[in-house]
Structure formats: structure tokens, C-alpha cells
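Below: model39.txt (compact mmCIF, C-alpha atoms)
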```txt
# COMPACT_ATOMS: atom_id res chain seq x y z
CA GLN A 1268 123.12 173.91 70.41
CA LEU A 1269 119.49 174.24 69.41
CA VAL A 1270 118.52 171.12 71.29
CA SER A 1271 120.43 172.25 74.32
CA ALA A 1272 118.72 175.63 74.26
CA LEU A 1273 115.29 174.06 73.93
CA HIS A 1274 116.13 171.70 76.77
CA ASN A 1275 117.11 174.56 79.03
CA LEU A 1276 113.97 176.47 78.12
CA THR A 1277 111.65 173.60 78.91
CA ARG A 1278 113.47 172.77 82.13
CA HIS A 1279 113.18 176.35 83.25
CA VAL A 1280 109.47 176.44 82.50
CA VAL A 1281 108.85 173.23 84.41
CA TYR A 1282 111.02 174.32 87.31
CA CYS A 1283 109.25 177.63 87.77
CA SER A 1284 105.86 176.12 87.04
CA LEU A 1285 105.04 178.75 84.48
CA THR A 1286 101.55 178.06 83.28
CA ARG A 1287 100.54 181.25 81.55
CA ALA A 1288 101.42 181.95 77.97
CA GLU A 1289 102.57 185.49 78.80
CA ASP A 1290 105.15 184.19 81.25
CA ILE A 1291 106.60 181.82 78.71
CA LEU A 1292 106.49 184.39 75.93
CA SER A 1293 108.42 186.82 78.10
CA LEU A 1294 111.30 184.36 78.25
CA PHE A 1295 112.10 184.76 74.57
CA PRO A 1296 114.44 187.52 73.48
CA GLU A 1297 113.06 190.67 71.86
CA ASN A 1298 113.77 190.00 68.23
CA PHE A 1299 112.65 186.37 68.24
CA HIS A 1300 110.48 185.27 65.34
CA GLN A 1301 106.86 185.89 66.35
CA ASN A 1302 105.20 182.78 64.89
CA LEU A 1303 107.95 180.49 66.10
CA LYS A 1304 107.63 181.98 69.57
CA ASN A 1305 103.88 181.32 69.63
CA LEU A 1306 104.28 177.81 68.27
CA LEU A 1307 106.90 176.91 70.85
CA THR A 1308 104.81 178.38 73.65
CA LYS A 1309 101.78 176.43 72.51
CA ILE A 1310 103.72 173.15 72.43
CA ILE A 1311 105.27 173.78 75.82
CA LEU A 1312 101.92 174.57 77.39
CA GLU A 1313 100.47 171.37 76.02
CA ASN A 1314 103.21 169.25 77.50
CA ILE A 1315 103.85 171.02 80.72
CA SER A 1316 101.65 168.93 82.99
CA ALA A 1317 103.03 165.67 81.60
CA TRP A 1318 106.57 166.90 82.17
CA ARG A 1319 105.73 168.03 85.67
CA ASN A 1320 104.28 164.65 86.56
CA GLU A 1321 107.26 162.86 85.18
CA ALA A 1322 109.64 165.08 87.13
CA GLN A 1323 107.73 164.34 90.28
CA ALA A 1324 107.73 160.65 89.61
CA SER A 1325 111.45 160.55 89.09
CA GLN A 1326 112.57 162.74 91.95
CA ILE A 1327 114.81 161.24 94.56
CA SER A 1328 112.98 159.40 97.25
CA LEU A 1329 113.25 156.52 99.61
CA PRO A 1330 112.44 153.18 98.03
CA ARG A 1331 108.85 153.26 96.91
CA LEU A 1332 106.06 150.78 97.33
CA VAL A 1333 104.86 149.63 93.95
CA ASP A 1334 102.62 146.72 94.82
CA MET A 1335 101.42 144.62 97.70
CA ASP A 1336 99.84 141.19 98.08
CA TRP A 1337 98.71 139.24 101.07
CA ARG A 1338 97.54 135.82 102.09
CA VAL A 1339 96.29 134.27 105.31
CA ASP A 1340 97.70 130.91 106.38
CA ILE A 1341 96.64 128.66 109.22
CA LYS A 1342 99.53 127.13 111.14
CA MET A 1343 98.58 123.57 112.01
CA SER A 1344 101.69 122.07 113.54
CA SER A 1345 105.28 122.85 114.43
CA ASP A 1346 108.26 121.30 116.13
CA SER A 1347 107.26 122.77 119.45
CA ILE A 1348 103.60 121.80 119.38
CA SER A 1349 101.98 119.15 117.26
CA ARG A 1350 98.46 120.45 116.90
CA MET A 1351 97.20 123.99 116.70
CA ALA A 1352 95.18 126.23 114.42
CA VAL A 1353 96.77 129.63 114.45
CA PRO A 1354 95.98 132.03 111.64
CA THR A 1355 98.83 134.20 110.43
CA CYS A 1356 99.22 136.75 107.66
CA LEU A 1357 101.90 136.85 104.99
CA LEU A 1358 102.34 140.22 103.37
CA GLN A 1359 104.40 140.71 100.25
CA LEU A 1360 105.59 144.22 99.44
CA LYS A 1361 107.11 145.03 96.08
CA ILE A 1362 109.57 147.80 96.59
CA GLN A 1363 111.31 149.81 93.93
CA GLU A 1364 114.65 151.31 94.77
CA ASP A 1365 115.26 155.04 94.29
CA VAL A 1366 114.30 155.77 90.70
CA ALA A 1367 116.91 158.45 90.32
CA LEU A 1368 119.64 155.96 91.11
CA CYS A 1369 118.42 153.22 88.81
CA GLY A 1370 117.95 155.19 85.65
CA ASN A 1371 116.17 153.16 83.05
CA SER A 1372 116.27 149.78 84.72
CA PRO A 1373 114.61 150.15 88.11
CA VAL A 1374 115.26 147.38 90.57
CA VAL A 1375 112.15 145.97 92.17
CA SER A 1376 112.58 143.71 95.15
CA ALA A 1377 109.94 141.69 96.93
CA LEU A 1378 109.86 141.59 100.70
CA THR A 1379 107.69 139.03 102.44
CA VAL A 1380 106.75 139.79 106.00
CA GLU A 1381 104.81 137.64 108.44
CA LEU A 1382 102.38 139.22 110.88
CA SER A 1383 100.58 137.60 113.77
CA LYS A 1384 97.10 138.75 114.63
CA GLU A 1385 98.42 140.90 117.47
CA THR A 1386 100.99 142.55 115.23
CA LEU A 1387 98.32 143.23 112.64
CA ASP A 1388 96.05 144.82 115.23
CA THR A 1389 98.86 147.07 116.44
CA MET A 1390 99.71 147.97 112.86
CA LEU A 1391 96.10 148.85 112.08
CA GLU A 1392 96.03 151.07 115.15
CA GLY A 1393 99.09 152.86 113.82
CA LEU A 1394 97.63 153.18 110.33
CA GLY A 1395 94.41 154.54 111.82
CA ARG A 1396 96.38 157.18 113.64
CA ILE A 1397 98.13 158.12 110.40
CA ARG A 1398 94.75 158.48 108.72
CA ASP A 1399 93.48 160.72 111.52
CA GLN A 1400 96.61 162.85 111.37
CA LEU A 1401 96.27 163.16 107.61
CA SER A 1402 92.67 164.33 107.83
CA ALA A 1403 93.62 166.80 110.56
CA VAL A 1404 96.28 168.25 108.26
CA ALA A 1405 93.93 168.27 105.28
CA ASN A 1406 91.23 170.10 107.19
CA LYS A 1407 93.46 172.91 108.36
CA VAL B 734 109.72 112.86 149.07
CA SER B 735 106.50 113.74 150.85
CA LEU B 736 103.47 115.03 149.02
CA GLN B 737 103.89 118.49 150.47
CA GLN B 738 107.47 118.73 149.31
CA PHE B 739 106.44 117.37 145.95
CA SER B 740 103.73 119.96 145.52
CA ALA B 741 106.16 122.74 146.45
CA LEU B 742 108.61 121.40 143.89
CA THR B 743 105.89 121.13 141.25
CA GLU B 744 104.97 124.76 141.83
CA VAL B 745 108.54 125.82 141.28
CA LEU B 746 108.67 123.75 138.11
CA PHE B 747 105.52 125.17 136.62
CA ARG B 748 106.46 128.69 137.47
CA PHE B 749 109.62 128.16 135.47
CA LEU B 750 107.76 126.53 132.57
CA THR B 751 105.35 129.43 132.28
CA GLU B 752 108.17 131.96 132.45
CA PRO B 753 111.10 130.27 130.75
CA LYS B 754 113.17 133.42 130.82
CA GLU B 755 113.36 133.43 134.60
CA VAL B 756 116.21 130.93 134.68
CA GLU B 757 118.04 132.54 137.59
CA ARG B 758 114.95 132.65 139.74
CA PHE B 759 114.25 129.01 138.96
CA LEU B 760 117.77 127.96 139.98
CA THR B 761 117.59 130.00 143.20
CA GLN B 762 114.24 128.47 144.10
CA LEU B 763 115.63 125.00 143.40
CA SER B 764 118.58 125.46 145.71
CA ASP B 765 116.27 126.96 148.39
CA PHE B 766 114.11 123.87 148.09
CA ALA B 767 117.16 121.63 148.37
CA THR B 768 118.42 123.29 151.56
CA MET B 769 114.95 123.44 153.13
CA ASN B 770 114.38 119.77 152.60
CA LYS B 771 117.93 118.66 153.18
CA ILE B 772 118.35 117.17 149.72
CA SER B 773 121.57 117.68 147.87
CA LEU B 774 121.30 119.95 144.85
CA GLY B 775 123.05 117.69 142.33
CA PRO B 776 120.64 114.74 142.37
CA LEU B 777 117.73 117.17 142.70
CA LYS B 778 118.78 118.87 139.48
CA ASN B 779 118.88 115.54 137.70
CA ILE B 780 115.44 114.59 138.94
CA VAL B 781 114.09 117.98 137.89
CA LYS B 782 115.60 117.56 134.45
CA SER B 783 113.80 114.28 133.92
CA ILE B 784 110.56 115.66 135.31
CA LEU B 785 110.75 118.61 132.93
CA LEU B 786 110.94 116.25 129.98
CA VAL B 787 107.40 115.11 130.64
CA PRO B 788 105.58 118.44 130.19
CA ASN B 789 107.70 119.29 127.14
CA GLY B 790 106.90 115.98 125.51
CA ALA B 791 103.27 116.37 126.49
CA LEU B 792 103.08 119.74 124.78
CA LYS B 793 104.63 118.42 121.61
CA ARG B 794 102.12 115.62 121.43
CA ASN B 795 99.15 117.59 122.79
CA LEU B 796 98.54 115.13 125.66
CA SER B 797 95.55 115.48 127.89
CA SER B 798 96.06 115.67 131.65
CA GLU B 799 94.84 112.08 131.89
CA GLN B 800 97.64 110.94 129.64
CA VAL B 801 100.19 113.01 131.58
CA ARG B 802 99.02 111.33 134.79
CA ALA B 803 99.30 107.90 133.20
CA ASP B 804 102.79 108.72 131.94
CA PHE B 805 103.96 109.69 135.40
CA ILE B 806 102.51 106.55 136.98
CA ALA B 807 104.28 104.50 134.36
CA LEU B 808 107.49 106.28 135.34
CA GLY B 809 107.02 105.08 138.90
CA LEU B 810 105.49 108.07 140.65
CA SER B 811 102.81 107.45 143.26
CA GLU B 812 99.19 107.99 142.20
CA GLU B 813 98.72 110.95 144.51
CA LYS B 814 101.68 112.82 143.16
CA ALA B 815 100.87 111.94 139.57
CA SER B 816 97.33 113.27 139.95
CA TYR B 817 98.60 116.45 141.57
CA PHE B 818 101.01 117.03 138.73
CA ALA B 819 98.34 116.28 136.14
CA GLU B 820 96.04 118.83 137.79
CA GLN B 821 98.74 121.48 137.71
CA TRP B 822 99.31 120.57 134.09
CA LYS B 823 95.67 121.12 133.21
CA VAL B 824 95.68 124.51 134.91
CA ASN B 825 98.85 125.64 133.25
CA SER B 826 98.44 124.18 129.80
CA PRO B 827 96.81 127.23 128.14
CA THR B 828 99.80 129.35 129.13
CA LEU B 829 102.26 126.65 128.10
CA THR B 830 100.50 126.13 124.79
CA ARG B 831 100.53 129.83 124.08
CA LEU B 832 104.26 129.92 124.79
CA ALA B 833 104.90 126.99 122.44
CA VAL B 834 102.88 128.64 119.68
CA GLY B 835 104.85 131.81 120.25
CA GLN B 836 108.05 129.88 119.65
CA THR B 837 106.84 128.56 116.34
CA LEU B 838 108.74 129.54 113.25
CA MET B 839 107.88 132.93 111.83
CA ILE B 840 109.31 134.13 108.55
CA ASN B 841 110.56 137.72 108.51
CA GLN B 842 108.44 138.66 111.45
CA LEU B 843 107.33 142.28 111.61
CA ILE B 844 108.48 143.64 114.95
CA ASP B 845 107.81 147.34 114.80
CA MET B 846 106.59 150.08 112.54
CA GLU B 847 107.35 153.80 112.63
CA TRP B 848 106.18 156.48 110.29
CA LYS B 849 106.37 160.08 109.39
CA PHE B 850 104.72 162.06 106.70
CA GLY B 851 105.46 165.39 105.24
CA VAL B 852 105.36 167.53 102.21
CA THR B 853 107.91 167.62 99.45
CA ALA B 854 108.63 171.30 99.18
CA GLY B 855 110.87 171.46 96.16
CA SER B 856 113.31 169.51 94.10
CA SER B 857 116.06 170.11 91.61
CA GLU B 858 113.52 169.81 88.83
CA LEU B 859 110.49 171.52 90.27
CA GLU B 860 110.78 174.62 92.34
CA LYS B 861 107.51 174.20 94.21
CA VAL B 862 106.08 170.79 94.65
CA GLY B 863 103.73 170.52 97.62
CA SER B 864 102.95 166.81 97.45
CA ILE B 865 102.37 164.73 100.55
CA PHE B 866 104.36 161.58 101.10
CA LEU B 867 104.27 158.97 103.81
CA GLN B 868 107.43 157.24 104.97
CA LEU B 869 107.23 153.95 106.79
CA LYS B 870 110.01 152.24 108.66
CA LEU B 871 109.41 148.54 109.23
CA VAL B 872 111.59 146.63 111.66
CA ILE B 873 111.81 143.02 110.55
CA LYS B 874 113.39 140.06 112.25
CA LYS B 875 115.36 138.09 109.66
CA GLY B 876 116.63 134.97 111.39
CA SER B 877 118.22 136.39 114.49
CA GLN B 878 118.96 139.86 113.15
CA MET B 879 116.83 142.93 112.89
CA GLU B 880 116.56 144.71 109.58
CA ASN B 881 115.09 148.13 108.95
CA VAL B 882 113.13 148.62 105.76
CA TYR B 883 112.23 152.12 104.63
CA ILE B 884 109.38 152.64 102.19
CA GLU B 885 107.70 155.67 100.78
CA LEU B 886 104.05 155.69 99.86
CA THR B 887 101.84 158.20 98.11
CA LEU B 888 98.53 159.06 99.71
CA PRO B 889 96.40 156.90 97.40
CA GLN B 890 98.77 153.99 98.09
CA PHE B 891 98.39 154.54 101.80
CA TYR B 892 94.62 154.42 101.64
CA SER B 893 94.59 151.24 99.62
CA PHE B 894 97.18 149.71 101.99
CA LEU B 895 94.96 150.55 104.94
CA HIS B 896 91.96 149.07 103.15
CA GLU B 897 93.82 145.84 102.39
CA MET B 898 95.05 145.50 105.95
CA GLU B 899 91.50 145.85 107.21
CA ARG B 900 90.50 143.04 104.88
CA VAL B 901 93.32 140.91 106.31
CA LYS B 902 92.07 141.58 109.81
CA THR B 903 88.56 140.45 108.88
CA SER B 904 90.00 137.34 107.33
CA LEU B 905 92.16 136.52 110.37
CA GLU B 906 89.25 137.06 112.70
CA SER B 907 87.03 134.72 110.78
CA PHE B 908 89.59 131.96 111.30
CA SER B 909 90.22 132.45 115.02
```

Translate the structure of the given file into C-alpha cells.
Amino acid sequence: QLVSALHNLTRHVVYCSLTRAEDILSLFPENFHQNLKNLLTKIILENISAWRNEAQASQISLPRLVDMDWRVDIKMSSDSISRMAVPTCLLQLKIQEDVALCGNSPVVSALTVELSKETLDTMLEGLGRIRDQLSAVANK
Amino acid sequence: VSLQQFSALTEVLFRFLTEPKEVERFLTQLSDFATMNKISLGPLKNIVKSILLVPNGALKRNLSSEQVRADFIALGLSEEKASYFAEQWKVNSPTLTRLAVGQTLMINQLIDMEWKFGVTAGSSELEKVGSIFLQLKLVIKKGSQMENVYIELTLPQFYSFLHEMERVKTSLESFS
């Protein structure tokens, strides 16, 4: 019962983003032991940002990018043409499925994608536009 | 077959080779040619089939126009016609080569990318969040099917992704 009560208290504090001692202190009932109240408040305040970050990291989301790698290959020959020198890019994205669904054993899958130079140029154009849109939003 | 007729036929052939999707147009042009020159369509189609083998083989083995000309002469075509064809070949080979390269195997080719970004307003654990996320949708061709992949990135991840992609571009350009 004690653990459950503590759990509820901390969850409430994190949910409402209470950062001031007075706010947390006001949550306790009137006749609560003074020193215990202060001790608990102090401990909660110390941990609150860590808890907040963890909650944010584990909220539901689309699959998340965890890592990426790339390499550039040169295609020399194929069944349709025996000699060429065409550079191409292989991009490997490590994607982690929704954390909330996986619990303690997150599933990470690797997706390898091939991009030609033209595709890469188009993609960079798109990424550039995203960057411009982001700075427009940030500057508002 | 006179030289004029041969050159008209060659034109039709090359137009088809450079635009292989225009099958209907090619067939219509062939039957037009047949009626104009009073040749029956059946044997014409057979001849065209064998003629088409030459440029395809030439592409696969990267033959020069000289070699194409020699091949045709060996097959029994007159010198004039063989030279004409070889000339047409030289003119069209960049396009044909590009088409052949385009047909080369690509693994999980990226076809399209869409994105949206927004702000996470709240969640069941945190009443007010206010963090920006970027969602990417990648359309990938797996074999003959399209697959949509959805990924979420944080802002720092996006910036490092952009940076890496710019490095890839530099690398690709240095090899072209």
C-alpha cells in the first residue's frame, strides 16, 4: 500500500511537471510528519528530471531510428550491361519498434536501402526543406 | 529492301529501343511500314526480331559501332546498310546505355520520401511535453512490391542524418 501510494505520488508529480517544493509539499495531507514530508520532497525533486526524460523516452511513438550507416559502392557490371562504373549508395537504418509495445526487450531491425545519385539528390532537397521549415518554426 | 526503306525501318527500331515502354507504338509503326512497302507483317516481324538481337547483344558486351558494323556485315547485310545502322547505334548508345544501367539490379530501392513534423503535446505520463519530432515515410521497392516504412527521429538525429547524407553526396560525386 505504501509503495502504491508513493508510486501514485511520483507519477502525479511527473505528470503535472511540478518543479517547486511548495507545489509538492502541498500535495501531502495536513497532519503528515513534517520531516518525512521534506525528505520525500527533496528526493522527488532530485529525481524528477530523470523520471521526466525516461517517460519521454518510453512514450508511444512510431518506430524510432536508433542508428544509421552508409557505404558507397561502384557498380561495375550487370546482366544487362557488361561494363560500367556507376556509384550507388547503400544506407542501413537501425529501427527500433515502439518501445511501449516491446517492454524490456526492444526489437531492433535493420533496413538496408539503396539510393542512386538522383534519388540521393532529391532526398537531400527534401531534407533541406525540412531544415528550412524547422528554422522557420524555431524563429517564430 | 532498298536503303531508304532500311533507314526508315532502322529509325523505327531505334525509337523503340530508346523507349521500350512504347510497345504499341512500335507495333503500329511496324505494320504501317509493312503496308507502305508491301511487305507482309509476319516475315517482317521475324526479321525485326533478329535485328533487335544485335543491339541488345552489343550493349551487353559494350561493343563499339565498328564492331556492330562488322557483326552486321558478317550476318550478310550490305556495307551501306551496316554502316548506316552502326552510325545510328553510335548516336543512340548513350541513351541505350543509360536505360541498361537503369535496369540493373537495385536492392530495396528508395522510391519516395514523405515527412511531417510536429510537437508532442502531451502523453499519458506527462501532461505537457512540447518536444519536436520528425516523422519520415520511406517508400521502398522490395522485389516487385512497394513497402512503406515509417520512422520517427528526434531533432538531433535529423541533423546528423542530414550531415551524413551530405557526406554521401560528396562521396558519390567524387566517383562520378

Near-Ser904 of chain B list (12 Å; only C-alpha atoms; drop same-chain fewer than 4 positions) as a list in words: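 In the requested format, the answer is Trp1337, Arg1338, Val1339, Asp1340, Ile1341, Pro1354, Thr1355, Cys1356, Lys1384 and Leu1387 of chain A; Glu897, Met898, Glu899, Arg900, Phe908 and Ser909 of chain B.
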
Between B:Leu736, B:Leu746, B:Ile806, B:Leu760, single out the one closest to Asn825 of chain B, counting all atoms listed in the file. B:Leu746

Produce a table with one row for each residue of chain A that has an atom at most 6 Å from any atom of chain B, each row naming the nearest atom pair and its distance in Å at one decimal; use all atoms listed in the file; arrange rows by chain and rising residue number; format as a tab-separated table.
```
residue	atom	partner	partner_atom	distance
A:Tyr1282	CA	B:Leu859	CA	4.1
A:Cys1283	CA	B:Glu860	CA	5.7
A:Leu1329	CA	B:Glu885	CA	5.7
A:Pro1330	CA	B:Ile884	CA	5.2
A:Arg1331	CA	B:Glu885	CA	4.7
A:Leu1332	CA	B:Leu886	CA	5.9
A:Ser1347	CA	B:Lys793	CA	5.5
A:Ile1348	CA	B:Lys793	CA	4.2
A:Ser1349	CA	B:Lys793	CA	5.1
A:Val1380	CA	B:Asn841	CA	5.0
A:Glu1381	CA	B:Gln842	CA	4.8
A:Leu1382	CA	B:Leu843	CA	5.9
```

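Of the residues listed (A:Pro1373, A:Gln1268, A:Val1280, A:Leu1401), A:Leu1401 shows the shortest atom-to-atom separation from Pro889 of chain B; distances use all atoms listed in the file.
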
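One finds atom CA of Leu1358 of chain A at 12.5 Å from atom CA of Met1390 of chain A.
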
Counting only C-alpha atoms, which residues have an atom no more than 9 Å from (110.4, 174.1, 80.0) in the file's coordinates? Please list them as number ranges by chain. A: 1273-1285, 1291, 1311-1312, 1315, 1318

What gap, in Å, lies between atom CA of Gln738 of chain B and atom CA of Gln762 of chain B? 13.0 Å

Close residues, segment 748-753 of chain B itself excluded, 7 Å, all atoms listed in the file, min 4 positions apart in chain, as a list in words: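 Once the adjacent positions are removed, what remains is Glu744, Phe759, Thr828 and Leu829 of chain B.
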